[in-house]
Amino acid sequence: MALDQKIYELRKDKLKQIEALGQSAYPYRYETTHSIPQILGEFSAKTAQDLESPKVNVSIAGRIMSIRVQGKAGFAHLQQDGKRLQIYVRLDFVGEKGFQLYKLLDIGDYIGVKGYLFRTRTNELTIHVEEITFLVKDLLPLPEKWHGLQDVETRYRRRYVDLTMNPEVREVFIKRAKVVQSMRHFLDAHGFVEVETPMMHPIAGGAVAKPFITHHNTLDVDLYLRIAPELYLKRLVVGGMDRVYEINRNFRNEGISTQHNPEFTMLEFYMAYADYRDMMDFTAQMLAQIAIDVNGTAMAHFNGQEVDFGNIQRLTMREAVIKFWPENAGPKPDMDDFSSAEKIAALVHRYNAANPHIPYDPTAPDGKTIAELFEFVAEPHLIQPTFIYDFPLAISPLSKNKREPEENANWVERFEIFAGGLEIGNAFSELNDPEEQRRRFEQQLSERARGDEEAHQMDEDYIRALSYGLPPTAGEGVGIDRLTMLLTDSRSIRDVILFPLLRPLNREEEEKIDVTEGSK
RNA sequence: GGGCCCGUAGCUCAGUCGGUAGAGCAACGCACUUUUAAUGCGUGGGUCGCAGGUUCGAUUCCUGCCGGGCUCACCA
């Protein structure tokens with residue numbers, strides 16, 4: 001029998017003894033006067049004398065995280081909301097039964113205590129307990145108290161243990177909640193309406209990615225888990241909801257890495273009568289505000305570097321390639337070097353001659369090659385928050401062509417937000433010409449035929465919606481997981497997702513907790 | 001999917017140049033009415049991830065598999 005199974009049996013037996021003392025094994029409620037953080041906040045500055053007259057009577061509840069018995073007295077620490085408070089239990093104060101109960105407690109049990117505050121010889125704020133109420137037994141042993149839970153896999157698989165043992169993990173998820181709260185507040189204050197659009201789509205649209213497929217039995221149709229809410233949100237703008245946003249999950253059937261989880265959370269919002277330049281200004285304000293709401297400052301520390309959300313730089317994609325062009329690849333390009341397939345190919349070959357190789361596909365559209373060039377040359381350098389704007393049309397099926405006549409044919413009004421080396425957002429002036437949109441979809445279909453599984457599918461209803469008139473609109477998506485990584489200095493996306501996707505354990509491997517009476 | 005690394009007690013880790021394993025904490029027993037890594041004495045606990053191979057003998061060496069981490073590719 002495994003050790004934890006033995007402990008399980010032992011503790012079930014203790015639970016019976018606790019019931020024999022007149023306590024309920026699984027009581028329904030406990031009345032407290034304070035939370036542990038409240039007590040620490042209110043009384044940490046009080047001296048021993050302050051606490052003596054008048055006496056401060058309190059009752060609190062929490063999980064036992066350490067316990068020390070010394071004959072007819074003992075100490076323990078209770079934890080609540082990641083904070084700990086010591087309690088002092090004496091036989092002559094809690095009585096025979098109370099002390100019997102105390103001796104049957106284990107690390108991990110939840111209890112409630114009633115008593116008064118005092119300071120010990122070592123001046124630690126402590127509750128002198130007059131009554132203990134048993135709340136629940138921890139039947140499985142918690143990790144040891146010095147090192148806590150380190151094993152990364154167990155931390156993700158048993159997040160409840162991770163949260164109990166590692167207060168800093170709790171802090172990350174509290175900050176994550178603040179990111180979302182701040183975002184909502186900012187958007188609500190600017191007149192945006194929060195909406196919910198379908199998660200199950202007949203056509204996986206709005207982004208370039210492989211979808212998950214599911215099936216609805218009654219309708220007997222295959223559906224895709226959404227890869228983006230984009231096309232539905234824009235339908236709402238067509239319907240006169242000028243400012244809408246949605247904060248929810250997207251699903252992409254692709255790789256898992258420190259920056260990718262198959263389900264991830266995205267903010268998408270749309271602002272009618274605005275273009276991508278308005279969007280950059282708006283986003284700069286919003287990101288600075290979120291950073292301040294979460295950390296008290298626009299300056300974030302990520303991966304050993306300072307990332308200033310109060311100062312977002314702006315570069316076009318081509319400017320970024322020029323700016324970060326490596327010395328070993330010869331003289332810096334100029335704007336004319338992006339103007340023809342031959343010149344772009346020459347840039348790739350110059351780069352590849354001295355650097356990690358860009359996978360060059362001569363049959364790919366020029367715009368795709370330029371985007372590849374950008375990824376290799378510039379992206380790794382984008383630590384300070386930066387808007388990279390003006391994207392190739394070839395990789396932007398839903399963005400509006402640039403307004404300048406000389407660039408109108410091949411470039412679109414789109415930008416992405418980079419920070420800490422992560423891509424955290426994507427925005428554009430929305431393409432609202434239904435006939436141009438149809439041509440873009442058709443172009444995507446030919447990309448699909450060329451072998452690109454992720455190319456966008458045709459969506460006739462979306463074109464119909466545009467035909468009713470989408471006003472000039474700018475839209476943006478922000479990856480909330482990655483933004484949270486930046487604001488909490490988390491290197492892996494799994495550290496900002498409570499239950500990241502892991503391969504399920506085999507049933508045989510999964511240790512079974514047998515609750516059958518008397519099982520051995 | 002490729003490359004590199006990891007898997008030993010509930011937890012954190014040692015270790016075995018091939019002879020079936022240890023520590024601390026946790027657990028159990030006794031003592032102890034201001035401790036806080038409480039202390040002192042004592043006790044129990046392991047298919048060394050799984051399966052093959054080599055060997056007189058494998059936790060150790062080899063191969064495969066399972067799970068995980070980092071990284072590259074794809075992507076946000």
# chains A, B, ... in the order shown; residues from 1 in each chain; ligands from 1
>>> interface_residues(of="chain B", to="chain A", cutoff="6 Å", atoms="only C-alpha atoms (C1' of nucleotides)", output="VMD selection string")
chain B and resid 10 to 12 25 to 26 32 to 34
>>> residues_around(residues="G52 in chain B", least_positions_apart="3", cutoff="12 Å", atoms="only C-alpha atoms (C1' of nucleotides)", output="PyMOL selection string")
chain B and resi 62-65
>>> residues_around(residues="G46 in chain B", least_positions_apart="3", cutoff="9 Å", atoms="only C-alpha atoms (C1' of nucleotides)", output="list of chain:residue names")
B:U8, B:A9, B:A21
>>> atom_distance(atom1="CA of Met200 in chain A", atom2="CA of Glu435 in chain A")
26.6 Å
>>> residues_around(residues="Ala204 in chain A", least_positions_apart="5", cutoff="12 Å", atoms="only C-alpha atoms (C1' of nucleotides)", output="tab-separated table (two decimals) with N, CA, C and O atoms, in the first residue's frame")
chain	number	residue	atom	x	y	z
A	198	PRO	N	-20.50	33.32	-30.54
A	198	PRO	CA	-20.40	31.85	-30.46
A	198	PRO	C	-18.97	31.34	-30.32
A	198	PRO	O	-18.04	31.92	-30.85
A	199	MET	N	-18.85	30.25	-29.58
A	199	MET	CA	-17.58	29.54	-29.48
A	199	MET	C	-17.54	28.41	-30.50
A	199	MET	O	-16.48	27.88	-30.78
A	209	ALA	N	-5.29	29.83	-38.52
A	209	ALA	CA	-4.90	28.78	-37.58
A	209	ALA	C	-5.70	27.52	-37.84
A	209	ALA	O	-6.78	27.57	-38.43
A	210	LYS	N	-5.18	26.39	-37.35
A	210	LYS	CA	-5.91	25.13	-37.47
A	210	LYS	C	-6.93	25.01	-36.33
A	210	LYS	O	-6.58	25.22	-35.17
A	211	PRO	N	-8.15	24.66	-36.67
A	211	PRO	CA	-9.19	24.59	-35.63
A	211	PRO	C	-9.36	23.19	-35.03
A	211	PRO	O	-8.92	22.19	-35.60
A	212	PHE	N	-10.02	23.14	-33.89
A	212	PHE	CA	-10.54	21.88	-33.34
A	212	PHE	C	-11.91	21.64	-33.97
A	212	PHE	O	-12.67	22.58	-34.17
A	213	ILE	N	-12.20	20.39	-34.24
A	213	ILE	CA	-13.49	20.06	-34.86
A	213	ILE	C	-14.34	19.31	-33.86
A	213	ILE	O	-13.85	18.44	-33.14
A	214	THR	N	-15.63	19.66	-33.82
A	214	THR	CA	-16.56	18.91	-32.97
A	214	THR	C	-17.83	18.68	-33.78
A	214	THR	O	-17.91	19.04	-34.95
A	222	ASP	N	-20.82	19.24	-38.43
A	222	ASP	CA	-19.52	19.48	-37.81
A	222	ASP	C	-19.40	20.96	-37.51
A	222	ASP	O	-19.86	21.81	-38.28
A	223	LEU	N	-18.81	21.25	-36.37
A	223	LEU	CA	-18.58	22.64	-35.98
A	223	LEU	C	-17.12	22.78	-35.57
A	223	LEU	O	-16.47	21.79	-35.19
A	224	TYR	N	-16.62	24.00	-35.66
A	224	TYR	CA	-15.25	24.28	-35.23
A	224	TYR	C	-15.28	25.09	-33.95
A	224	TYR	O	-16.07	26.03	-33.83
A	225	LEU	N	-14.42	24.73	-33.00
A	225	LEU	CA	-14.22	25.63	-31.86
A	225	LEU	C	-13.56	26.88	-32.42
A	225	LEU	O	-12.65	26.79	-33.24
A	226	ARG	N	-14.01	28.01	-31.99
A	226	ARG	CA	-13.57	29.23	-32.65
A	226	ARG	C	-12.07	29.48	-32.53
A	226	ARG	O	-11.47	29.21	-31.48
A	227	ILE	N	-11.48	29.97	-33.59
A	227	ILE	CA	-10.08	30.39	-33.53
A	227	ILE	C	-9.99	31.88	-33.28
A	227	ILE	O	-8.93	32.39	-32.93
A	228	ALA	N	-11.11	32.60	-33.44
A	228	ALA	CA	-11.18	34.04	-33.16
A	228	ALA	C	-12.64	34.47	-33.23
A	228	ALA	O	-13.41	33.89	-33.99
A	229	PRO	N	-13.03	35.46	-32.47
A	229	PRO	CA	-14.42	35.95	-32.51
A	229	PRO	C	-14.62	37.05	-33.56
A	229	PRO	O	-15.74	37.54	-33.74
A	230	GLU	N	-13.56	37.39	-34.24
A	230	GLU	CA	-13.51	38.58	-35.10
A	230	GLU	C	-14.72	38.81	-36.01
A	230	GLU	O	-15.33	39.87	-36.02
A	231	LEU	N	-15.06	37.79	-36.79
A	231	LEU	CA	-16.08	38.02	-37.82
A	231	LEU	C	-17.46	38.24	-37.20
A	231	LEU	O	-18.29	38.96	-37.76
A	232	TYR	N	-17.70	37.65	-36.02
A	232	TYR	CA	-18.98	37.88	-35.34
A	232	TYR	C	-19.04	39.26	-34.72
A	232	TYR	O	-20.07	39.93	-34.75
A	250	ASN	N	-10.11	31.42	-27.08
A	250	ASN	CA	-9.98	30.94	-28.45
A	250	ASN	C	-9.29	29.58	-28.39
A	250	ASN	O	-8.57	29.29	-27.43
A	251	PHE	N	-9.50	28.79	-29.44
A	251	PHE	CA	-8.95	27.43	-29.46
A	251	PHE	C	-8.18	27.23	-30.76
A	251	PHE	O	-8.74	27.43	-31.84
A	252	ARG	N	-6.93	26.85	-30.66
A	252	ARG	CA	-6.17	26.61	-31.89
A	252	ARG	C	-5.44	25.29	-31.76
A	252	ARG	O	-4.74	25.04	-30.76
A	253	ASN	N	-5.64	24.47	-32.78
A	253	ASN	CA	-5.15	23.10	-32.71
A	253	ASN	C	-3.71	23.05	-33.20
A	253	ASN	O	-3.42	22.47	-34.25
A	453	GLU	N	-2.74	24.96	-45.20
A	453	GLU	CA	-3.95	24.48	-44.51
A	453	GLU	C	-4.62	25.56	-43.69
A	453	GLU	O	-5.78	25.46	-43.33
A	454	GLU	N	-3.82	26.58	-43.32
A	454	GLU	CA	-4.35	27.57	-42.39
A	454	GLU	C	-4.96	28.76	-43.10
A	454	GLU	O	-5.50	29.65	-42.46
A	455	ALA	N	-4.86	28.80	-44.42
A	455	ALA	CA	-5.41	29.94	-45.15
A	455	ALA	C	-6.90	30.07	-44.84
A	455	ALA	O	-7.58	29.09	-44.54
A	456	HIS	N	-7.36	31.32	-44.92
A	456	HIS	CA	-8.72	31.61	-44.52
A	456	HIS	C	-9.74	30.96	-45.45
A	456	HIS	O	-9.53	30.87	-46.65
A	457	GLN	N	-10.88	30.53	-44.87
A	457	GLN	CA	-11.95	29.96	-45.69
A	457	GLN	C	-12.91	31.06	-46.14
A	457	GLN	O	-12.94	32.14	-45.57
A	458	MET	N	-13.69	30.76	-47.17
A	458	MET	CA	-14.72	31.68	-47.65
A	458	MET	C	-15.85	31.73	-46.62
A	458	MET	O	-16.24	30.70	-46.08
A	459	ASP	N	-16.34	32.94	-46.34
A	459	ASP	CA	-17.47	33.07	-45.42
A	459	ASP	C	-18.50	33.99	-46.09
A	459	ASP	O	-18.41	35.21	-46.01
>>> residues_around(residues="Tyr30 in chain A", least_positions_apart="6", cutoff="12 Å", atoms="only C-alpha atoms (C1' of nucleotides)", output="count of residues only")
15
>>> residues_around(residues="C72 in chain B", least_positions_apart="4", cutoff="12 Å", atoms="only C-alpha atoms (C1' of nucleotides)", output="PyMOL selection string")
(chain A and resi 257+356) or (chain B and resi 1-4)
>>> write_last_selection(atoms="C-alpha atoms (C1' of nucleotides)", output="PDB file, in the first residue's frame")
ATOM      1  CA  SER A 257       5.029  25.772 -25.868  1.00  0.00           C
ATOM      2  CA  PRO A 356      20.135  31.286 -39.270  1.00  0.00           C
TER       3      PRO A 356
ATOM      4  C1'   G B   1       7.409  16.340 -35.030  1.00  0.00           C
ATOM      5  C1'   G B   2      13.325  17.179 -34.250  1.00  0.00           C
ATOM      6  C1'   G B   3      17.383  18.091 -30.523  1.00  0.00           C
ATOM      7  C1'   C B   4      19.059  18.275 -25.355  1.00  0.00           C
TER       8        C B   4
END
>>> select_by_dssp(residues="range 129-233 of chain A", states="strand (DSSP E)", output="VMD selection string")
chain A and resid 129 to 136 193 to 194 200 to 201 213 to 216 221 to 225
>>> select_by_dssp(residues="range 188-341 of chain A", states="alpha helix (DSSP H)", output="VMD selection string")
chain A and resid 188 to 189 230 to 238 276 to 295 317 to 323 341
>>> write_last_selection(atoms="N, CA and C atoms", output="mmCIF file, in the first residue's frame")
data_model
loop_
_atom_site.group_PDB
_atom_site.id
_atom_site.type_symbol
_atom_site.label_atom_id
_atom_site.label_comp_id
_atom_site.auth_asym_id
_atom_site.auth_seq_id
_atom_site.Cartn_x
_atom_site.Cartn_y
_atom_site.Cartn_z
ATOM 1 N N ASP A 188 -15.245 49.763 -20.582
ATOM 2 C CA ASP A 188 -16.583 50.215 -20.169
ATOM 3 C C ASP A 188 -16.609 51.737 -20.077
ATOM 4 N N ALA A 189 -15.535 52.295 -19.511
ATOM 5 C CA ALA A 189 -15.474 53.751 -19.334
ATOM 6 C C ALA A 189 -15.413 54.479 -20.677
ATOM 7 N N GLU A 230 -13.556 37.393 -34.239
ATOM 8 C CA GLU A 230 -13.507 38.577 -35.099
ATOM 9 C C GLU A 230 -14.716 38.807 -36.010
ATOM 10 N N LEU A 231 -15.061 37.789 -36.786
ATOM 11 C CA LEU A 231 -16.081 38.018 -37.817
ATOM 12 C C LEU A 231 -17.457 38.243 -37.195
ATOM 13 N N TYR A 232 -17.702 37.654 -36.021
ATOM 14 C CA TYR A 232 -18.984 37.877 -35.344
ATOM 15 C C TYR A 232 -19.038 39.260 -34.722
ATOM 16 N N LEU A 233 -17.916 39.701 -34.160
ATOM 17 C CA LEU A 233 -17.919 41.036 -33.551
ATOM 18 C C LEU A 233 -18.144 42.109 -34.615
ATOM 19 N N LYS A 234 -17.559 41.914 -35.781
ATOM 20 C CA LYS A 234 -17.762 42.907 -36.843
ATOM 21 C C LYS A 234 -19.206 42.877 -37.362
ATOM 22 N N ARG A 235 -19.834 41.708 -37.342
ATOM 23 C CA ARG A 235 -21.263 41.651 -37.696
ATOM 24 C C ARG A 235 -22.071 42.530 -36.731
ATOM 25 N N LEU A 236 -21.625 42.571 -35.464
ATOM 26 C CA LEU A 236 -22.328 43.407 -34.488
ATOM 27 C C LEU A 236 -22.134 44.888 -34.795
ATOM 28 N N VAL A 237 -20.942 45.236 -35.272
ATOM 29 C CA VAL A 237 -20.715 46.638 -35.633
ATOM 30 C C VAL A 237 -21.595 46.991 -36.838
ATOM 31 N N VAL A 238 -21.723 46.054 -37.783
ATOM 32 C CA VAL A 238 -22.657 46.260 -38.905
ATOM 33 C C VAL A 238 -24.043 46.553 -38.344
ATOM 34 N N TYR A 276 -6.546 52.561 -37.739
ATOM 35 C CA TYR A 276 -5.503 51.887 -36.944
ATOM 36 C C TYR A 276 -4.631 52.864 -36.176
ATOM 37 N N ARG A 277 -4.539 54.119 -36.654
ATOM 38 C CA ARG A 277 -3.738 55.096 -35.894
ATOM 39 C C ARG A 277 -4.452 55.477 -34.595
ATOM 40 N N ASP A 278 -5.785 55.647 -34.681
ATOM 41 C CA ASP A 278 -6.559 55.891 -33.449
ATOM 42 C C ASP A 278 -6.365 54.720 -32.479
ATOM 43 N N MET A 279 -6.335 53.531 -33.075
ATOM 44 C CA MET A 279 -6.224 52.331 -32.265
ATOM 45 C C MET A 279 -4.896 52.268 -31.526
ATOM 46 N N MET A 280 -3.831 52.716 -32.196
ATOM 47 C CA MET A 280 -2.521 52.731 -31.523
ATOM 48 C C MET A 280 -2.573 53.674 -30.320
ATOM 49 N N ASP A 281 -3.151 54.847 -30.523
ATOM 50 C CA ASP A 281 -3.227 55.810 -29.411
ATOM 51 C C ASP A 281 -4.047 55.225 -28.256
ATOM 52 N N PHE A 282 -5.185 54.644 -28.623
ATOM 53 C CA PHE A 282 -6.080 54.073 -27.614
ATOM 54 C C PHE A 282 -5.390 52.934 -26.855
ATOM 55 N N THR A 283 -4.706 52.070 -27.616
ATOM 56 C CA THR A 283 -4.030 50.915 -27.007
ATOM 57 C C THR A 283 -2.915 51.352 -26.073
ATOM 58 N N ALA A 284 -2.177 52.378 -26.482
ATOM 59 C CA ALA A 284 -1.081 52.866 -25.636
ATOM 60 C C ALA A 284 -1.628 53.305 -24.278
ATOM 61 N N GLN A 285 -2.756 54.014 -24.327
ATOM 62 C CA GLN A 285 -3.380 54.447 -23.062
ATOM 63 C C GLN A 285 -3.834 53.251 -22.227
ATOM 64 N N MET A 286 -4.481 52.309 -22.918
ATOM 65 C CA MET A 286 -5.055 51.171 -22.197
ATOM 66 C C MET A 286 -3.962 50.321 -21.552
ATOM 67 N N LEU A 287 -2.903 50.023 -22.287
ATOM 68 C CA LEU A 287 -1.846 49.164 -21.730
ATOM 69 C C LEU A 287 -1.161 49.837 -20.545
ATOM 70 N N ALA A 288 -0.930 51.141 -20.663
ATOM 71 C CA ALA A 288 -0.294 51.853 -19.545
ATOM 72 C C ALA A 288 -1.196 51.786 -18.313
ATOM 73 N N GLN A 289 -2.504 51.976 -18.546
ATOM 74 C CA GLN A 289 -3.446 51.958 -17.421
ATOM 75 C C GLN A 289 -3.497 50.569 -16.771
ATOM 76 N N ILE A 290 -3.498 49.528 -17.592
ATOM 77 C CA ILE A 290 -3.548 48.164 -17.045
ATOM 78 C C ILE A 290 -2.297 47.895 -16.208
ATOM 79 N N ALA A 291 -1.135 48.265 -16.745
ATOM 80 C CA ALA A 291 0.117 48.026 -16.004
ATOM 81 C C ALA A 291 0.078 48.734 -14.659
ATOM 82 N N ILE A 292 -0.428 49.972 -14.660
ATOM 83 C CA ILE A 292 -0.486 50.741 -13.409
ATOM 84 C C ILE A 292 -1.492 50.107 -12.442
ATOM 85 N N ASP A 293 -2.648 49.696 -12.963
ATOM 86 C CA ASP A 293 -3.653 49.079 -12.084
ATOM 87 C C ASP A 293 -3.136 47.775 -11.467
ATOM 88 N N VAL A 294 -2.328 47.049 -12.222
ATOM 89 C CA VAL A 294 -1.873 45.736 -11.747
ATOM 90 C C VAL A 294 -0.656 45.857 -10.841
ATOM 91 N N ASN A 295 0.323 46.681 -11.245
ATOM 92 C CA ASN A 295 1.595 46.729 -10.524
ATOM 93 C C ASN A 295 1.894 48.073 -9.868
ATOM 94 N N MET A 317 6.875 47.822 -40.362
ATOM 95 C CA MET A 317 7.555 46.535 -40.479
ATOM 96 C C MET A 317 8.863 46.692 -41.254
ATOM 97 N N ARG A 318 8.812 47.485 -42.335
ATOM 98 C CA ARG A 318 10.030 47.647 -43.137
ATOM 99 C C ARG A 318 11.085 48.442 -42.379
ATOM 100 N N GLU A 319 10.648 49.466 -41.633
ATOM 101 C CA GLU A 319 11.619 50.230 -40.826
ATOM 102 C C GLU A 319 12.299 49.333 -39.799
ATOM 103 N N ALA A 320 11.509 48.404 -39.238
ATOM 104 C CA ALA A 320 12.076 47.507 -38.219
ATOM 105 C C ALA A 320 13.136 46.607 -38.844
ATOM 106 N N VAL A 321 12.868 46.107 -40.042
ATOM 107 C CA VAL A 321 13.862 45.266 -40.716
ATOM 108 C C VAL A 321 15.137 46.074 -40.957
ATOM 109 N N ILE A 322 14.967 47.318 -41.404
ATOM 110 C CA ILE A 322 16.130 48.175 -41.681
ATOM 111 C C ILE A 322 16.892 48.460 -40.382
ATOM 112 N N LYS A 323 16.119 48.823 -39.350
ATOM 113 C CA LYS A 323 16.750 49.204 -38.075
ATOM 114 C C LYS A 323 17.573 48.062 -37.473
ATOM 115 N N ALA A 341 9.963 41.319 -56.197
ATOM 116 C CA ALA A 341 10.267 39.953 -55.779
ATOM 117 C C ALA A 341 11.768 39.696 -55.815
#
>>> residues_around(residues="U20 in chain B", least_positions_apart="2", cutoff="10 Å", atoms="only C-alpha atoms (C1' of nucleotides)", output="list in words")
C48, G57, A58 and U59 of chain B
>>> write_last_selection(atoms="N, CA and C atoms (P, O5', C5', C4', C3', O3' and C1' of nucleotides)", output="PDB file, in the first residue's frame")
ATOM      1  P     C B  48      11.837  -0.695  -7.829  1.00  0.00           P
ATOM      2  O5'   C B  48      12.347   0.789  -7.605  1.00  0.00           O
ATOM      3  C5'   C B  48      11.532   1.904  -8.015  1.00  0.00           C
ATOM      4  C4'   C B  48      12.419   3.108  -8.160  1.00  0.00           C
ATOM      5  C3'   C B  48      13.156   3.193  -9.496  1.00  0.00           C
ATOM      6  O3'   C B  48      13.095   4.529  -9.955  1.00  0.00           O
ATOM      7  C1'   C B  48      14.717   3.256  -7.710  1.00  0.00           C
ATOM      8  P     G B  57      22.045 -13.608 -14.910  1.00  0.00           P
ATOM      9  O5'   G B  57      22.050 -12.570 -13.697  1.00  0.00           O
ATOM     10  C5'   G B  57      21.236 -12.835 -12.556  1.00  0.00           C
ATOM     11  C4'   G B  57      21.518 -11.820 -11.475  1.00  0.00           C
ATOM     12  C3'   G B  57      21.301 -10.366 -11.874  1.00  0.00           C
ATOM     13  O3'   G B  57      19.937 -10.002 -11.768  1.00  0.00           O
ATOM     14  C1'   G B  57      23.373 -10.588 -10.754  1.00  0.00           C
ATOM     15  P     A B  58      19.321  -8.913 -12.820  1.00  0.00           P
ATOM     16  O5'   A B  58      20.134  -7.597 -12.458  1.00  0.00           O
ATOM     17  C5'   A B  58      20.025  -6.975 -11.185  1.00  0.00           C
ATOM     18  C4'   A B  58      19.839  -5.471 -11.360  1.00  0.00           C
ATOM     19  C3'   A B  58      18.554  -5.107 -12.100  1.00  0.00           C
ATOM     20  O3'   A B  58      18.069  -3.886 -11.561  1.00  0.00           O
ATOM     21  C1'   A B  58      20.412  -4.300 -13.308  1.00  0.00           C
ATOM     22  P     U B  59      16.535  -3.767 -11.104  1.00  0.00           P
ATOM     23  O5'   U B  59      16.424  -2.246 -10.646  1.00  0.00           O
ATOM     24  C5'   U B  59      15.773  -1.282 -11.410  1.00  0.00           C
ATOM     25  C4'   U B  59      16.413   0.067 -11.225  1.00  0.00           C
ATOM     26  C3'   U B  59      17.788   0.207 -11.842  1.00  0.00           C
ATOM     27  O3'   U B  59      17.694   0.572 -13.208  1.00  0.00           O
ATOM     28  C1'   U B  59      17.826   1.033  -9.617  1.00  0.00           C
TER      29        U B  59
END
>>> atom_distance(atom1="CA of His381 in chain A", atom2="CA of Ala329 in chain A")
16.3 Å
>>> decode(residues="range 160-166 of chain A", atoms="all heavy atoms", output="PDB file, in the first residue's frame")
ATOM      1  N   TYR A 160      -4.387  22.851  -6.971  1.00  0.00           N
ATOM      2  CA  TYR A 160      -4.879  23.149  -5.612  1.00  0.00           C
ATOM      3  C   TYR A 160      -3.774  23.002  -4.585  1.00  0.00           C
ATOM      4  O   TYR A 160      -3.700  23.778  -3.630  1.00  0.00           O
ATOM      5  CB  TYR A 160      -6.068  22.240  -5.258  1.00  0.00           C
ATOM      6  CG  TYR A 160      -5.938  20.821  -5.766  1.00  0.00           C
ATOM      7  CD1 TYR A 160      -5.345  19.830  -4.993  1.00  0.00           C
ATOM      8  CD2 TYR A 160      -6.373  20.479  -7.033  1.00  0.00           C
ATOM      9  CE1 TYR A 160      -5.206  18.538  -5.466  1.00  0.00           C
ATOM     10  CE2 TYR A 160      -6.233  19.184  -7.523  1.00  0.00           C
ATOM     11  CZ  TYR A 160      -5.647  18.215  -6.736  1.00  0.00           C
ATOM     12  OH  TYR A 160      -5.486  16.938  -7.220  1.00  0.00           O
ATOM     13  N   VAL A 161      -2.871  22.032  -4.789  1.00  0.00           N
ATOM     14  CA  VAL A 161      -1.752  21.885  -3.854  1.00  0.00           C
ATOM     15  C   VAL A 161      -0.743  23.012  -4.080  1.00  0.00           C
ATOM     16  O   VAL A 161      -0.229  23.612  -3.137  1.00  0.00           O
ATOM     17  CB  VAL A 161      -1.066  20.510  -4.030  1.00  0.00           C
ATOM     18  CG1 VAL A 161       0.125  20.390  -3.086  1.00  0.00           C
ATOM     19  CG2 VAL A 161      -2.057  19.378  -3.766  1.00  0.00           C
ATOM     20  N   ASP A 162      -0.506  23.322  -5.341  1.00  0.00           N
ATOM     21  CA  ASP A 162       0.399  24.413  -5.701  1.00  0.00           C
ATOM     22  C   ASP A 162      -0.058  25.716  -5.049  1.00  0.00           C
ATOM     23  O   ASP A 162       0.736  26.453  -4.458  1.00  0.00           O
ATOM     24  CB  ASP A 162       0.394  24.538  -7.234  1.00  0.00           C
ATOM     25  CG  ASP A 162       1.447  25.502  -7.768  1.00  0.00           C
ATOM     26  OD1 ASP A 162       2.505  25.642  -7.107  1.00  0.00           O
ATOM     27  OD2 ASP A 162       1.220  26.084  -8.841  1.00  0.00           O
ATOM     28  N   LEU A 163      -1.358  26.005  -5.138  1.00  0.00           N
ATOM     29  CA  LEU A 163      -1.899  27.240  -4.577  1.00  0.00           C
ATOM     30  C   LEU A 163      -1.792  27.267  -3.062  1.00  0.00           C
ATOM     31  O   LEU A 163      -1.560  28.312  -2.462  1.00  0.00           O
ATOM     32  CB  LEU A 163      -3.361  27.414  -4.995  1.00  0.00           C
ATOM     33  CG  LEU A 163      -3.582  27.837  -6.452  1.00  0.00           C
ATOM     34  CD1 LEU A 163      -5.033  27.619  -6.857  1.00  0.00           C
ATOM     35  CD2 LEU A 163      -3.183  29.283  -6.668  1.00  0.00           C
ATOM     36  N   THR A 164      -1.951  26.097  -2.448  1.00  0.00           N
ATOM     37  CA  THR A 164      -1.834  26.019  -0.991  1.00  0.00           C
ATOM     38  C   THR A 164      -0.398  26.267  -0.543  1.00  0.00           C
ATOM     39  O   THR A 164      -0.151  26.979   0.425  1.00  0.00           O
ATOM     40  CB  THR A 164      -2.280  24.627  -0.496  1.00  0.00           C
ATOM     41  OG1 THR A 164      -3.636  24.429  -0.866  1.00  0.00           O
ATOM     42  CG2 THR A 164      -2.134  24.501   1.010  1.00  0.00           C
ATOM     43  N   MET A 165       0.541  25.687  -1.270  1.00  0.00           N
ATOM     44  CA  MET A 165       1.938  25.704  -0.821  1.00  0.00           C
ATOM     45  C   MET A 165       2.721  26.921  -1.288  1.00  0.00           C
ATOM     46  O   MET A 165       3.704  27.288  -0.666  1.00  0.00           O
ATOM     47  CB  MET A 165       2.664  24.437  -1.310  1.00  0.00           C
ATOM     48  CG  MET A 165       2.078  23.142  -0.796  1.00  0.00           C
ATOM     49  SD  MET A 165       1.901  23.091   1.004  1.00  0.00           S
ATOM     50  CE  MET A 165       3.618  23.182   1.539  1.00  0.00           C
ATOM     51  N   ASN A 166       2.340  27.510  -2.419  1.00  0.00           N
ATOM     52  CA  ASN A 166       3.159  28.564  -3.016  1.00  0.00           C
ATOM     53  C   ASN A 166       2.366  29.871  -3.142  1.00  0.00           C
ATOM     54  O   ASN A 166       1.688  30.094  -4.135  1.00  0.00           O
ATOM     55  CB  ASN A 166       3.661  28.106  -4.391  1.00  0.00           C
ATOM     56  CG  ASN A 166       4.517  26.842  -4.298  1.00  0.00           C
ATOM     57  OD1 ASN A 166       5.335  26.702  -3.393  1.00  0.00           O
ATOM     58  ND2 ASN A 166       4.323  25.921  -5.220  1.00  0.00           N
TER      59      ASN A 166
END
